[in-house]
Structures are given as C-alpha cells and as structure tokens.
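> Structure file run-v2.txt (compact mmCIF, C-alpha atoms) right here:
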```txt
# COMPACT_ATOMS: atom_id res chain seq x y z
CA MET G 75 13.48 14.25 35.81
CA LEU G 76 16.72 16.01 36.63
CA PRO G 77 16.37 19.40 38.27
CA LEU G 78 18.06 22.35 36.65
CA PRO G 79 21.71 22.73 37.53
CA MET G 80 22.54 25.56 39.86
CA ALA G 81 25.45 26.79 37.82
CA ASP G 82 24.64 30.48 38.11
CA LYS G 83 24.74 30.49 41.91
CA LYS G 84 27.71 31.61 43.95
CA ALA G 85 29.24 28.82 46.01
CA HIS G 86 29.58 29.00 49.80
CA PRO G 87 33.11 28.32 51.14
CA ASP G 88 31.72 25.01 52.48
CA GLN G 89 31.44 23.86 48.88
CA ARG G 90 34.76 22.14 49.62
CA TYR G 91 32.87 19.47 51.58
CA VAL G 92 30.62 18.73 48.64
CA ASP G 93 33.63 18.57 46.34
CA ALA G 94 35.41 16.23 48.76
CA ILE G 95 32.40 13.92 48.79
CA ARG G 96 32.28 13.94 45.01
CA ASP G 97 36.03 13.27 44.76
CA HIS G 98 36.29 10.61 47.53
CA ASP G 99 38.67 12.85 49.49
CA SER G 100 38.99 10.84 52.68
CA ALA G 101 40.87 13.45 54.73
CA ILE G 102 38.19 16.10 54.24
CA ILE G 103 35.35 13.61 54.68
CA ARG G 104 36.93 12.63 57.98
CA GLU G 105 37.14 16.28 58.99
CA LEU G 106 33.49 16.69 58.02
CA TYR G 107 32.51 13.72 60.16
CA ARG G 108 34.39 15.13 63.15
CA ARG G 109 32.80 18.55 62.78
CA PHE G 110 29.22 17.67 61.96
CA SER G 111 28.33 14.23 63.25
CA GLU G 112 27.90 15.05 66.96
CA LYS G 113 24.87 17.22 66.36
CA VAL G 114 23.19 14.48 64.35
CA ILE G 115 24.00 11.80 66.92
CA ARG G 116 22.55 13.93 69.73
CA TYR G 117 19.43 14.61 67.70
CA VAL G 118 18.83 10.92 66.91
CA GLN G 119 19.48 9.92 70.53
CA LYS G 120 16.93 12.46 71.73
CA ASN G 121 14.39 11.08 69.28
CA ASN G 122 14.19 7.38 70.03
CA GLY G 123 17.38 6.31 68.30
CA SER G 124 20.75 4.82 69.19
CA ASP G 125 24.30 5.81 68.25
CA ASP G 126 24.26 3.14 65.57
CA ASP G 127 21.03 4.49 64.11
CA ALA G 128 22.64 7.90 63.93
CA ARG G 129 25.72 6.56 62.15
CA ASP G 130 23.53 4.74 59.64
CA ILE G 131 21.70 7.99 58.96
CA ILE G 132 24.97 9.88 58.51
CA GLN G 133 26.20 7.24 56.09
CA GLU G 134 22.98 7.40 54.10
CA ALA G 135 23.04 11.20 54.05
CA LEU G 136 26.59 11.24 52.69
CA ILE G 137 25.62 8.79 49.95
CA THR G 138 22.60 10.92 49.11
CA ILE G 139 24.81 13.98 48.70
CA TYR G 140 27.31 11.91 46.72
CA ARG G 141 24.62 10.84 44.27
CA GLN G 142 23.56 14.37 43.52
CA ALA G 143 27.11 15.71 43.39
CA THR G 144 28.17 13.09 40.87
CA THR G 145 25.21 13.37 38.52
CA GLU G 146 24.73 17.09 38.31
CA GLN G 147 26.51 20.23 39.34
CA LEU G 148 25.75 20.64 43.04
CA VAL G 149 26.57 24.17 44.14
CA LEU G 150 26.19 24.78 47.85
CA THR G 151 25.05 28.33 48.64
CA CYS G 152 24.49 27.77 52.37
CA PRO G 153 26.60 26.46 55.27
CA PHE G 154 27.23 22.72 55.06
CA ASP G 155 26.33 22.30 58.72
CA ALA G 156 22.69 23.30 58.31
CA TYR G 157 22.29 21.52 54.98
CA PHE G 158 23.74 18.26 56.26
CA PHE G 159 21.79 18.35 59.51
CA LEU G 160 18.50 18.91 57.66
CA ILE G 161 19.13 15.94 55.37
CA CYS G 162 19.94 13.70 58.35
CA ARG G 163 16.97 14.94 60.33
CA ARG G 164 14.49 14.29 57.51
CA LYS G 165 15.95 10.88 56.88
CA TRP G 166 15.56 10.03 60.55
CA ILE G 167 11.97 11.29 60.64
CA ASN G 168 11.17 9.13 57.62
CA LYS G 169 12.87 6.11 59.15
CA LEU G 170 10.81 6.45 62.32
CA LYS G 171 7.62 6.71 60.30
CA GLU G 172 8.50 3.59 58.31
CA LYS G 173 9.68 1.56 61.28
CA ARG G 174 7.21 2.13 64.01
CA GLY G 175 4.68 4.58 62.73
CA VAL G 176 6.16 7.07 65.21
CA THR G 177 5.69 10.62 64.09
CA ILE G 178 7.86 13.33 65.55
CA SER G 179 7.37 16.93 64.71
CA ASP G 180 9.72 18.64 62.34
CA ASP G 181 9.83 21.70 64.56
CA THR G 182 13.36 23.01 64.32
CA LEU G 183 13.24 26.69 63.44
CA SER G 184 14.24 27.11 59.86
CA ILE G 185 16.80 29.74 59.10
CA ALA G 186 16.51 31.70 55.91
CA ASP G 187 19.93 30.72 54.59
CA GLY G 188 18.78 28.53 51.72
CA SER G 189 19.69 25.31 53.53
CA ASP G 190 16.09 24.15 53.55
CA GLU G 191 15.76 24.43 49.77
CA ALA G 192 19.16 22.81 49.19
CA ALA G 193 18.32 19.86 51.46
CA THR G 194 14.92 19.47 49.79
CA GLU G 195 16.53 19.40 46.37
CA THR G 196 19.12 16.81 47.39
CA LEU G 197 16.44 14.59 48.94
CA LEU G 198 14.27 14.94 45.84
CA HIS G 199 17.18 13.82 43.70
CA ASP G 200 17.63 10.85 46.02
CA SER G 201 13.95 9.88 45.74
CA LYS G 202 14.21 9.92 41.96
CA THR G 203 17.28 7.72 42.05
CA ARG G 204 15.55 5.25 44.35
CA LEU G 205 12.47 5.18 42.14
CA LEU G 206 14.62 4.45 39.11
CA GLU G 207 16.42 1.63 40.92
CA ASP G 208 13.20 0.08 42.22
CA LYS G 209 11.56 0.09 38.81
CA PHE G 210 14.71 -1.14 37.09
CA ASN G 211 14.73 -4.10 39.46
CA GLU G 212 11.12 -4.86 38.56
CA LEU G 213 12.13 -5.49 34.94
CA GLY G 214 12.80 -9.04 33.80
CA GLU G 215 16.31 -10.40 33.77
CA LYS G 216 16.70 -10.04 30.01
CA CYS G 217 15.64 -6.41 29.99
CA ARG G 218 18.03 -5.64 32.83
CA GLU G 219 20.85 -7.28 30.94
CA VAL G 220 20.11 -5.52 27.65
CA LEU G 221 19.82 -2.12 29.34
CA THR G 222 22.90 -2.55 31.52
CA LEU G 223 25.05 -3.39 28.53
CA SER G 224 23.48 -0.66 26.39
CA MET G 225 24.32 1.93 29.03
CA GLN G 226 27.85 0.62 29.51
CA LEU G 227 28.82 0.20 25.89
CA GLN G 228 26.78 2.80 23.97
CA ASP G 229 27.66 1.11 20.68
CA MET G 230 24.70 -1.16 20.02
CA GLU G 231 26.69 -3.32 17.61
CA ALA G 232 28.95 -4.25 20.51
CA VAL G 233 25.92 -4.95 22.72
CA ALA G 234 24.45 -7.27 20.09
CA LYS G 235 27.75 -9.09 19.81
CA ALA G 236 28.11 -9.50 23.57
CA LEU G 237 24.60 -10.92 23.91
CA GLN G 238 24.85 -13.02 20.76
CA VAL G 239 21.76 -11.53 19.13
CA SER G 240 21.29 -9.52 15.95
CA TYR G 241 21.70 -5.74 15.86
CA ALA G 242 18.06 -5.28 14.82
CA TYR G 243 16.89 -7.48 17.68
CA VAL G 244 18.90 -5.69 20.33
CA ARG G 245 17.88 -2.24 19.10
CA LYS G 246 14.25 -3.21 19.29
CA LYS G 247 14.63 -4.90 22.64
CA LYS G 248 16.49 -1.94 24.11
CA SER G 249 13.80 0.54 23.10
CA LEU G 250 11.03 -1.75 24.39
CA CYS G 251 12.80 -2.30 27.70
CA MET G 252 13.45 1.44 28.08
CA GLY G 253 9.77 1.96 27.24
CA GLN G 254 8.73 -0.53 29.88
CA LEU G 255 10.95 1.19 32.45
CA THR G 256 9.60 4.61 31.49
CA SER G 257 6.02 3.49 31.87
CA LEU G 258 6.69 1.71 35.19
CA ILE G 259 8.11 4.98 36.52
CA ARG G 260 5.38 7.11 35.04
CA ASN G 261 2.54 4.97 36.41
CA SER G 262 3.95 4.72 39.91
CA GLU G 263 2.48 6.52 42.89
CA GLU G 264 5.96 7.74 43.85
CA TYR G 265 6.39 9.50 40.50
CA LYS G 266 3.17 11.41 40.97
CA GLY G 267 4.48 12.49 44.36
CA LEU G 268 7.70 13.80 42.81
CA LEU G 269 6.07 16.06 40.25
CA MET O 169 0.92 0.16 19.26
CA GLU O 170 2.82 1.09 22.37
CA GLU O 171 5.95 -0.78 21.33
CA GLU O 172 6.16 1.11 18.04
CA ILE O 173 6.07 4.40 19.91
CA TYR O 174 9.09 3.42 21.97
CA GLU O 175 11.00 2.39 18.87
CA ARG O 176 10.25 5.76 17.34
CA ILE O 177 11.21 7.60 20.51
CA ASP O 178 14.50 5.74 20.59
CA ARG O 179 15.24 6.59 16.96
CA TYR O 180 14.31 10.20 17.66
CA TRP O 181 16.83 10.54 20.49
CA GLN O 182 19.48 8.60 18.56
CA ASN O 183 19.10 11.12 15.71
CA GLU O 184 18.22 8.39 13.28
CA MET O 185 15.11 9.95 11.79
CA THR O 186 15.12 11.64 8.41
CA ALA O 187 14.48 15.38 8.51
CA GLU O 188 10.95 14.83 7.29
CA GLU O 189 10.19 12.09 9.80
CA ARG O 190 11.63 14.20 12.59
CA ALA O 191 9.51 17.22 11.69
CA GLY O 192 6.42 15.01 11.60
CA PHE O 193 7.23 13.51 14.98
CA GLU O 194 7.81 16.92 16.54
CA ALA O 195 4.51 18.18 15.15
CA GLU O 196 2.82 15.14 16.69
CA MET O 197 4.37 15.98 20.06
CA GLN O 198 3.07 19.53 19.82
CA ARG O 199 -0.44 18.23 19.36
CA ASP O 200 -0.19 15.46 21.92
CA ALA O 201 1.06 16.54 25.36
CA ALA O 202 1.04 12.97 26.71
CA LEU O 203 3.36 11.85 23.90
CA ALA O 204 5.66 14.81 24.54
CA GLU O 205 5.81 13.87 28.23
CA THR O 206 6.65 10.24 27.39
CA VAL O 207 9.39 11.34 24.99
CA ARG O 208 10.92 13.61 27.63
CA LEU O 209 10.66 11.02 30.40
CA TYR O 210 12.21 8.38 28.14
CA ARG O 211 15.27 10.56 27.61
CA ASP O 212 15.57 11.62 31.24
CA THR O 213 15.24 8.03 32.44
CA GLN O 214 17.90 6.93 30.00
CA THR O 215 20.31 9.68 31.09
CA GLN O 216 19.74 8.84 34.74
CA LEU O 217 20.12 5.11 34.16
CA GLN O 218 23.37 5.69 32.33
CA HIS O 219 24.75 7.66 35.28
CA ARG O 220 23.62 4.98 37.71
CA ILE O 221 25.05 2.05 35.79
CA ARG O 222 28.34 3.70 34.89
CA GLY O 223 28.83 5.12 38.37
CA LYS O 224 27.85 2.02 40.30
CA SER O 225 31.24 0.62 41.15
CA ARG O 226 32.57 4.06 42.14
CA GLU O 227 29.57 4.52 44.42
CA GLN O 228 30.35 1.20 46.09
CA ASP O 229 33.91 2.40 46.68
CA PHE O 230 32.51 5.57 48.23
CA ARG O 231 30.22 3.57 50.50
CA ALA O 232 33.14 1.49 51.70
CA LEU O 233 35.23 4.62 52.29
CA VAL O 234 32.47 6.26 54.35
CA ALA O 235 31.83 3.09 56.35
CA ASP O 236 35.51 2.90 57.14
CA ILE O 237 35.73 6.54 58.23
CA ILE O 238 32.66 6.24 60.43
CA GLN O 239 33.93 3.05 62.00
CA THR O 240 37.35 4.39 62.86
CA GLU O 241 36.01 7.77 63.98
CA SER O 242 33.29 6.39 66.20
CA ASN O 243 36.04 4.70 68.17
CA THR O 244 34.08 1.57 68.72
CA THR O 245 33.63 -1.83 67.19
CA ALA O 246 30.00 -0.98 66.53
CA ARG O 247 28.45 -2.68 63.56
CA VAL O 248 28.97 -0.07 60.91
CA VAL O 249 28.67 -2.32 57.93
CA PRO O 250 27.53 -0.87 54.62
CA LEU O 251 23.75 -1.09 54.61
CA TYR O 252 23.54 -3.13 51.45
CA GLN O 253 25.63 -5.85 53.01
CA ARG O 254 23.29 -6.06 55.95
CA TRP O 255 20.33 -6.18 53.63
CA TYR O 256 21.97 -8.98 51.71
CA THR O 257 22.63 -11.04 54.81
CA TRP O 258 19.04 -10.57 55.79
CA ALA O 259 17.74 -11.59 52.40
CA ALA O 260 19.98 -14.66 52.35
CA ALA O 261 18.65 -15.68 55.74
CA ALA O 262 15.09 -15.20 54.52
CA CYS O 263 15.79 -17.37 51.46
CA VAL O 264 17.20 -20.14 53.64
CA ALA O 265 14.15 -19.90 55.91
CA LEU O 266 11.83 -20.10 52.92
CA LEU O 267 13.66 -23.12 51.59
CA CYS O 268 13.34 -24.83 54.96
CA VAL O 269 9.63 -24.11 55.05
CA ALA O 270 9.29 -25.38 51.49
CA LEU O 271 11.16 -28.54 52.42
CA LEU O 272 9.11 -29.09 55.56
CA TYR O 273 5.89 -28.90 53.65
CA GLN O 274 7.01 -31.16 50.88
CA THR O 275 5.00 -34.32 50.87
CA GLY O 276 8.07 -36.25 49.88
CA GLY O 277 6.87 -37.28 46.41
CA HIS O 278 8.92 -36.88 43.24
CA PRO O 279 8.61 -33.32 41.88
CA GLU O 280 6.35 -33.01 38.86
CA TYR O 281 6.68 -30.87 35.74
CA ALA O 282 3.31 -29.25 36.39
CA ASP O 283 4.40 -28.01 39.82
CA PHE O 284 7.22 -26.00 38.32
CA ALA O 285 6.08 -25.04 34.82
CA THR O 286 4.47 -21.75 35.74
CA PRO O 287 2.61 -20.49 32.69
CA GLU O 288 4.46 -17.71 30.89
CA GLN O 289 2.77 -14.92 29.03
CA MET O 290 3.94 -14.22 25.55
CA SER O 291 4.11 -10.47 25.43
CA ALA O 292 3.25 -7.97 22.75
CA MET O 293 6.51 -6.34 23.74
CA GLN O 294 8.33 -8.99 21.76
CA ARG O 295 6.24 -8.90 18.63
CA GLY O 296 8.12 -8.64 15.36
CA THR O 297 7.35 -8.69 11.69
CA GLY O 298 4.45 -10.82 10.46
CA GLN O 299 2.10 -9.13 12.92
CA ALA O 300 -0.98 -11.29 12.18
CA THR O 301 0.78 -14.60 12.78
CA TRP O 302 2.47 -13.14 15.87
CA GLN O 303 -0.93 -12.13 17.13
CA GLN O 304 -2.26 -15.66 16.52
CA ALA O 305 0.69 -17.25 18.28
CA GLU O 306 0.41 -14.85 21.18
CA THR O 307 -3.31 -15.34 21.68
CA ALA O 308 -3.10 -19.12 21.49
CA PHE O 309 -0.06 -19.21 23.77
CA ASN O 310 -1.63 -17.00 26.40
CA GLN O 311 -4.80 -19.08 26.35
CA ARG O 312 -2.56 -22.12 26.82
CA ASP O 313 -3.62 -23.60 23.51
CA TYR O 314 -0.07 -24.78 22.91
CA GLN O 315 -0.96 -26.91 19.88
CA GLN O 316 -2.19 -23.89 17.95
CA ALA O 317 0.57 -21.70 19.32
CA SER O 318 3.25 -24.10 18.13
CA LEU O 319 1.82 -24.14 14.59
CA ALA O 320 1.93 -20.36 14.39
CA LEU O 321 5.37 -20.23 16.00
CA ALA O 322 6.71 -22.81 13.54
CA GLU O 323 5.53 -20.60 10.69
CA LEU O 324 7.24 -17.55 12.20
CA LEU O 325 10.42 -19.53 12.81
CA GLN O 326 10.58 -20.43 9.13
CA GLN O 327 10.90 -16.73 8.33
CA ASP O 328 13.19 -15.91 11.23
CA PRO O 329 14.90 -19.12 12.39
CA ASN O 330 17.27 -17.52 14.91
CA ASN O 331 14.85 -15.16 16.65
CA PRO O 332 15.48 -15.85 20.34
CA ASP O 333 11.96 -14.97 21.47
CA LEU O 334 10.45 -17.39 18.93
CA LEU O 335 12.81 -20.19 19.88
CA TYR O 336 12.03 -19.67 23.54
CA TYR O 337 8.24 -19.71 23.24
CA GLN O 338 8.27 -22.57 20.76
CA GLY O 339 10.46 -24.50 23.21
CA ILE O 340 7.83 -24.02 25.91
CA ALA O 341 4.88 -24.83 23.61
CA LEU O 342 6.52 -28.04 22.37
CA THR O 343 7.32 -29.12 25.93
CA GLU O 344 3.69 -28.63 26.84
CA ILE O 345 2.47 -30.81 23.95
CA ASN O 346 5.09 -33.46 24.69
CA GLN O 347 7.26 -33.00 21.64
CA LEU O 348 10.21 -33.17 23.94
CA ASP O 349 12.96 -33.95 21.42
CA GLU O 350 12.13 -30.96 19.27
CA ALA O 351 11.72 -28.75 22.33
CA ARG O 352 15.13 -29.86 23.54
CA ARG O 353 16.70 -29.16 20.15
CA LEU O 354 15.35 -25.60 19.93
CA LEU O 355 16.13 -24.72 23.53
CA THR O 356 19.64 -26.12 23.23
CA GLN O 357 20.16 -23.99 20.13
CA LEU O 358 18.96 -20.97 22.10
CA HIS O 359 21.11 -21.85 25.08
CA ASP O 360 24.28 -22.39 23.05
CA HIS O 361 24.02 -19.43 20.74
CA THR O 362 22.30 -16.65 22.66
CA LYS O 363 23.95 -15.46 25.84
CA LEU O 364 20.98 -13.25 26.62
CA TYR O 365 18.76 -16.32 26.96
CA ARG O 366 21.27 -18.69 28.51
CA SER O 367 19.77 -19.03 31.98
CA ALA O 368 16.15 -18.87 30.79
CA ALA O 369 16.88 -21.68 28.31
CA ALA O 370 18.71 -23.71 30.96
CA TRP O 371 15.64 -23.52 33.20
CA ARG O 372 13.35 -24.63 30.37
CA LEU O 373 15.74 -27.46 29.45
CA ALA O 374 15.65 -28.59 33.08
CA LEU O 375 11.86 -28.71 32.84
CA VAL O 376 12.04 -30.75 29.62
CA ALA O 377 14.29 -33.23 31.45
CA LEU O 378 11.94 -33.26 34.43
CA LYS O 379 9.05 -34.08 32.16
CA ALA O 380 11.12 -36.84 30.52
CA LYS O 381 11.89 -38.14 34.05
CA ASP O 382 15.59 -37.70 33.44
CA ASP O 383 16.59 -36.40 36.89
CA GLU O 384 20.33 -36.37 36.27
CA THR O 385 20.11 -34.13 33.20
CA CYS O 386 17.58 -31.99 35.00
CA LYS O 387 20.02 -31.44 37.87
CA GLN O 388 22.82 -30.56 35.49
CA TRP O 389 20.75 -27.83 33.86
CA LEU O 390 19.58 -26.50 37.20
CA GLN O 391 23.12 -26.16 38.44
CA GLU O 392 23.88 -23.91 35.53
CA ILE O 393 21.38 -21.27 36.57
CA PRO O 394 23.28 -18.42 38.23
CA GLU O 395 22.27 -16.45 41.28
CA GLY O 396 20.38 -13.37 40.23
CA ALA O 397 18.62 -15.12 37.34
CA ASP O 398 14.82 -14.83 37.34
CA GLU O 399 14.42 -18.56 37.90
CA TYR O 400 17.16 -18.98 40.49
CA ALA O 401 14.85 -19.53 43.47
CA ASN O 402 12.75 -22.09 41.60
CA ALA O 403 15.87 -23.82 40.35
CA ARG O 404 17.22 -24.19 43.89
CA LYS O 405 13.88 -25.45 45.12
CA LEU O 406 13.64 -28.08 42.41
CA LEU O 407 17.22 -29.11 42.96
CA TYR O 408 16.51 -29.72 46.65
CA GLN O 409 13.47 -31.75 45.84
CA LEU O 410 15.38 -33.94 43.42
```
Kindly return the structure encoded in the file as structure tokens.


Amino acid sequence: MLPLPMADKKAHPDQRYVDAIRDHDSAIIRELYRRFSEKVIRYVQKNNGSDDDARDIIQEALITIYRQATTEQLVLTCPFDAYFFLICRRKWINKLKEKRGVTISDDTLSIADGSDEAATETLLHDSKTRLLEDKFNELGEKCREVLTLSMQLQDMEAVAKALQVSYAYVRKKKSLCMGQLTSLIRNSEEYKGLL
Amino acid sequence: MEEEIYERIDRYWQNEMTAEERAGFEAEMQRDAALAETVRLYRDTQTQLQHRIRGKSREQDFRALVADIIQTESNTTARVVPLYQRWYTWAAAACVALLCVALLYQTGGHPEYADFATPEQMSAMQRGTGQATWQQAETAFNQRDYQQASLALAELLQQDPNNPDLLYYQGIALTEINQLDEARRLLTQLHDHTKLYRSAAAWRLALVALKAKDDETCKQWLQEIPEGADEYANARKLLYQL
C-alpha cells in the first residue's frame, strides 16, 4: 500500500520544513506557522469557517505531513507554501462536505510546480493510515493485543511469554489476526477508492 | 481454508518455508493473481501497522507540540486542544448519557443472566488440530446446542488441556447448561494463567456468578474489567444494575 519513495527527486530548499516536522523541531515549526498559517485562516474564514476551524485544519495538516515524513522518505520538490495550503484546503473542503453537506468549488488555479501531486500523495498516505486504524479498531480485543505486542516485540517467543500462551498458539493467532485485518481492509469501500 | 492461507503467508514472509515449499508457493502466486494480491497486502499492512504502533507515542508528542505552538502563536485562549482529547471527552459524555438512558428504562428488577449473556460465535479462525471434532464443536456451539458442544469441547480439551480458546468456549457452554462449578473452574484457570484472556474470562466469570445469584462475586469480577476491554460497557451496565 505504500507509494514508491521519491528518493531520486531533487529536494526544494523548503525541504527543511518537512525535516523539521519529522524531527519535532519546534523553532522551525513555529516559523512555519508564522509564515504559512495566515493564508489558511483567511481561506477558511471566507468559506464558512471560524479561526478555530482553521487552526484545527492546520493541526491536522501538520500531522498528516508528519505521518508521511516518518514512514517513508518524503522529498519536497515544490514550495512548502503551495503544498501546505493545498493540503489544508482539501481537508477543509472535505470537512464541510462531512459536516453540512456544503460543497464549495475547488477552483483555485493550480500552478504547475508539482505541489498538486505532492499534496495528493500526502493525502493518499493519510487516507491509507486512517483506513488501517479504523480496521484495526474493528478487530476484537484479543487480536488487537496480539498484534500490538507482535509489532512491538518482533520476537514471537517474547510475545507468547507476555501473553501467557504457547509459542505455537501465538504464531497461529498472529497470522489469523493479520489475515482478518488484511481482509477487512481489502473488502472495504475505502480501499477500492484508494487503488 | 482461509486460515491456513494466512498461516502460510506469514511463514512465507518470515522466511520459514523450505526452499521447495517456497518455490511451490511462488508458483501458486503466479497462477493465482488474487492470492498474490493477498500476500502483498498482508506484508504491506504488517509494515504499516508496525510503523503505526511503534511510532504512536512519538506522534502523540508531536501532536502536543503542534497544539502548544498553535495556542501560543494564535495569541488567544482559544480552545486548541488536541483533537483526540476532544473526541474522547465527547465519547465519555455519550457513554454517560447512554448509561443514564439505560438506567431510566430499567424496570427495576434484578438483572438476569439471559439479559447479558449475548451469544458468542465460535469462529473457524480459532480452529486447531483435530479438525473434525473442532467442526462438530463449532457447529453445535453456533447453533446454541451447548450440550453437544460441551461434549466435543471436552474431547478437544483432553488433547490440548491449556488451549485458551477451548477453555473459553467450554466455560461458556458449561455455564449455559448449568454446570456452573466446572465452568467456574475452567474460566478461573483461563483467567489466572492466560493474560490474553484475562478480561474476557473475568466477564464470563461474572456471568457465572450472576447465574448462581451470587451478586457480590459478580461485582468483584466486573470491577476487574478494564476500560478498553470489549465487554467494558456491558460490565459497567451490569454493575449499575446490581
């Protein structure tokens, strides 16, 4: 499900913002907020939202970028400004659709700087993460426990010991729970939409 | 059998197949595109899940950091609380509301075993060796023929006396047919020796006590069920009613 890494691309100087997000660099994240949040706030205000709504969207957008930056190599080849604004704008459009069935047109002129593709890719990654979380939470308590420990510990002997079951039992259970998770994802409407 | 496929897929990715078995499995994937897709998705899901679970606490730190920056930068006392916290508060309020509604509509009588013993389905996902007897137990159990189910389960338990799934389902079957002492013994064994089943067994032990009209023991078991357990909401509801 993971998209191909963009390792062969040349990074834009604004890559430093992505790196700061990945590395929890609070000074640069603060700088980023000062430089780029106003545009988002104005956009949300103009489109039926409040300041608080805008800040929620900014927070969500930063977490979305964080998720991609920490799971795969995220190389930014466009200005951060455009990329970040597009992510926020699409998140706000989706929120409006969910909340009140309000549809606003996505009519901002797109600039051929690659920001559109980059934002799409980041949002796709986010949708996959959400799908995984939703389906994981649909599993029974025992499956969640077996899988959580299996992912944390790797060594299945240690997992068996922690759960006080036999090695054979936990191996079988882990593969069945992973199988159940895989098929929940595969049979979901959202998965079909992500292909 | 679907469950066998997942066991094979897991062994494939763990590099536990012999060279011959591996070649056979790969040839099968070449012939069967759906299998190949399942094998790939299994691995990708596992990789993603590993990232999520291992990175969870760091992501929470990041959330807190961002919330803090936004709050101080926006120069206001506006409610910039991490979203998950808000969601939680909301969910807690909804639970309280549901409990109130449940309480309001209670007729005031003593809670009964049958009101809380929601029928469980024994699942093929848990099947082990001795397939035919497993199948018998499963069919009988799912048709709520607990007498037959407990005979088959007893046979399986003789071969595999510590299998947690068997102990659990036999505990339920015996409760249903009123062999409460034996049910209590098996579920206590499960509770004491298998952490994975601790809260599930506690819930079933509470139901055994409820059926035996031993409210005090029932309450004690209910109090042991932690938040986040599958049966937590039911446990709280029963506790209120007692």

> In terms of the shortest atom-to-atom distance over all atoms listed in the file, which of G:Tyr243, G:Tyr91, G:Tyr117, G:Tyr140 is closest to G:Asp155?

G:Tyr91

> By how many Å are atom CA of G:Arg245 and atom CA of O:Leu373 apart?

27.3 Å

> Within 9 Å of chain G, which residues of chain O are there when counting only C-alpha atoms? Please give them as an NGL selection string.

:O and (170-179 or 206 or 208-210 or 212-223 or 227 or 229-231 or 233-235 or 237-239 or 241-242 or 246-251 or 293-294 or 330-332 or 361-365 or 368 or 396-398)

> Ranking O:Thr301, O:Asn346, O:Asn310, O:Gln357 by minimum distance to O:Ala380 and counting all atoms listed in the file, which one comes first?

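Checking each of O:Thr301, O:Asn346, O:Asn310, O:Gln357 against O:Ala380, counting all atoms listed in the file, the winner is O:Asn346.
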
> Any idea what the distance is between atom CA of O:Arg199 and atom CA of G:Ser262?

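The value is 25.0 Å.
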
> What's the separation between atom CA of O:Ala285 and atom CA of O:Arg352, in Å to one decimal place?

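So the answer is 15.2 Å.
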
> What are the centre and edge lengths in Å, to one decimal, of the axis-aligned box around all listed atoms of stretch 171-190 of chain O with 4 Å added on each side, as lines of an AutoDock Vina configuration file?


```
center_x = 12.7
center_y = 7.3
center_z = 14.6
size_x = 21.5
size_y = 24.2
size_z = 22.7
```

> With distances taken over only C-alpha atoms, which residue among G:Gly188, G:Phe158, G:Gln147, G:Asp93 lies nearest G:Glu112?

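Selected residue with least distance to G:Glu112: G:Phe158.
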
> Name the closest residue to O:Ala351 among the candidates O:Tyr336, O:Trp389, O:Phe309, O:Tyr408; distances are taken between atoms, counting all atoms listed in the file.

O:Tyr336

> I'd like the neighbourhood of G:Pro153 as a VMD selection string, where a residue qualifies if any of its atoms comes within 12 Å (using only C-alpha atoms), though same-chain residues fewer than 2 positions away should be ignored.

chain G and resid 85 to 92 110 149 to 151 155 to 160 185 to 190 192 to 193

> Residues proximal to (2.1, -22.6, 20.9) were defined as those with any atom within 9 Å of that point in the file's coordinates, counting only C-alpha atoms. Which are they, as a PDB file with C-alpha atoms, keeping the file's coordinate frame?


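Result file part-v1.pdb:
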```pdb
ATOM      1  CA  ALA O 305       0.690 -17.250  18.280  1.00  0.00           C
ATOM      2  CA  GLU O 306       0.410 -14.850  21.180  1.00  0.00           C
ATOM      3  CA  ALA O 308      -3.100 -19.120  21.490  1.00  0.00           C
ATOM      4  CA  PHE O 309      -0.060 -19.210  23.770  1.00  0.00           C
ATOM      5  CA  ASN O 310      -1.630 -17.000  26.400  1.00  0.00           C
ATOM      6  CA  ARG O 312      -2.560 -22.120  26.820  1.00  0.00           C
ATOM      7  CA  ASP O 313      -3.620 -23.600  23.510  1.00  0.00           C
ATOM      8  CA  TYR O 314      -0.070 -24.780  22.910  1.00  0.00           C
ATOM      9  CA  GLN O 315      -0.960 -26.910  19.880  1.00  0.00           C
ATOM     10  CA  GLN O 316      -2.190 -23.890  17.950  1.00  0.00           C
ATOM     11  CA  ALA O 317       0.570 -21.700  19.320  1.00  0.00           C
ATOM     12  CA  SER O 318       3.250 -24.100  18.130  1.00  0.00           C
ATOM     13  CA  LEU O 319       1.820 -24.140  14.590  1.00  0.00           C
ATOM     14  CA  ALA O 320       1.930 -20.360  14.390  1.00  0.00           C
ATOM     15  CA  LEU O 321       5.370 -20.230  16.000  1.00  0.00           C
ATOM     16  CA  ALA O 322       6.710 -22.810  13.540  1.00  0.00           C
ATOM     17  CA  TYR O 337       8.240 -19.710  23.240  1.00  0.00           C
ATOM     18  CA  GLN O 338       8.270 -22.570  20.760  1.00  0.00           C
ATOM     19  CA  GLY O 339      10.460 -24.500  23.210  1.00  0.00           C
ATOM     20  CA  ILE O 340       7.830 -24.020  25.910  1.00  0.00           C
ATOM     21  CA  ALA O 341       4.880 -24.830  23.610  1.00  0.00           C
ATOM     22  CA  LEU O 342       6.520 -28.040  22.370  1.00  0.00           C
ATOM     23  CA  GLU O 344       3.690 -28.630  26.840  1.00  0.00           C
ATOM     24  CA  ILE O 345       2.470 -30.810  23.950  1.00  0.00           C
TER      25      ILE O 345
END
```
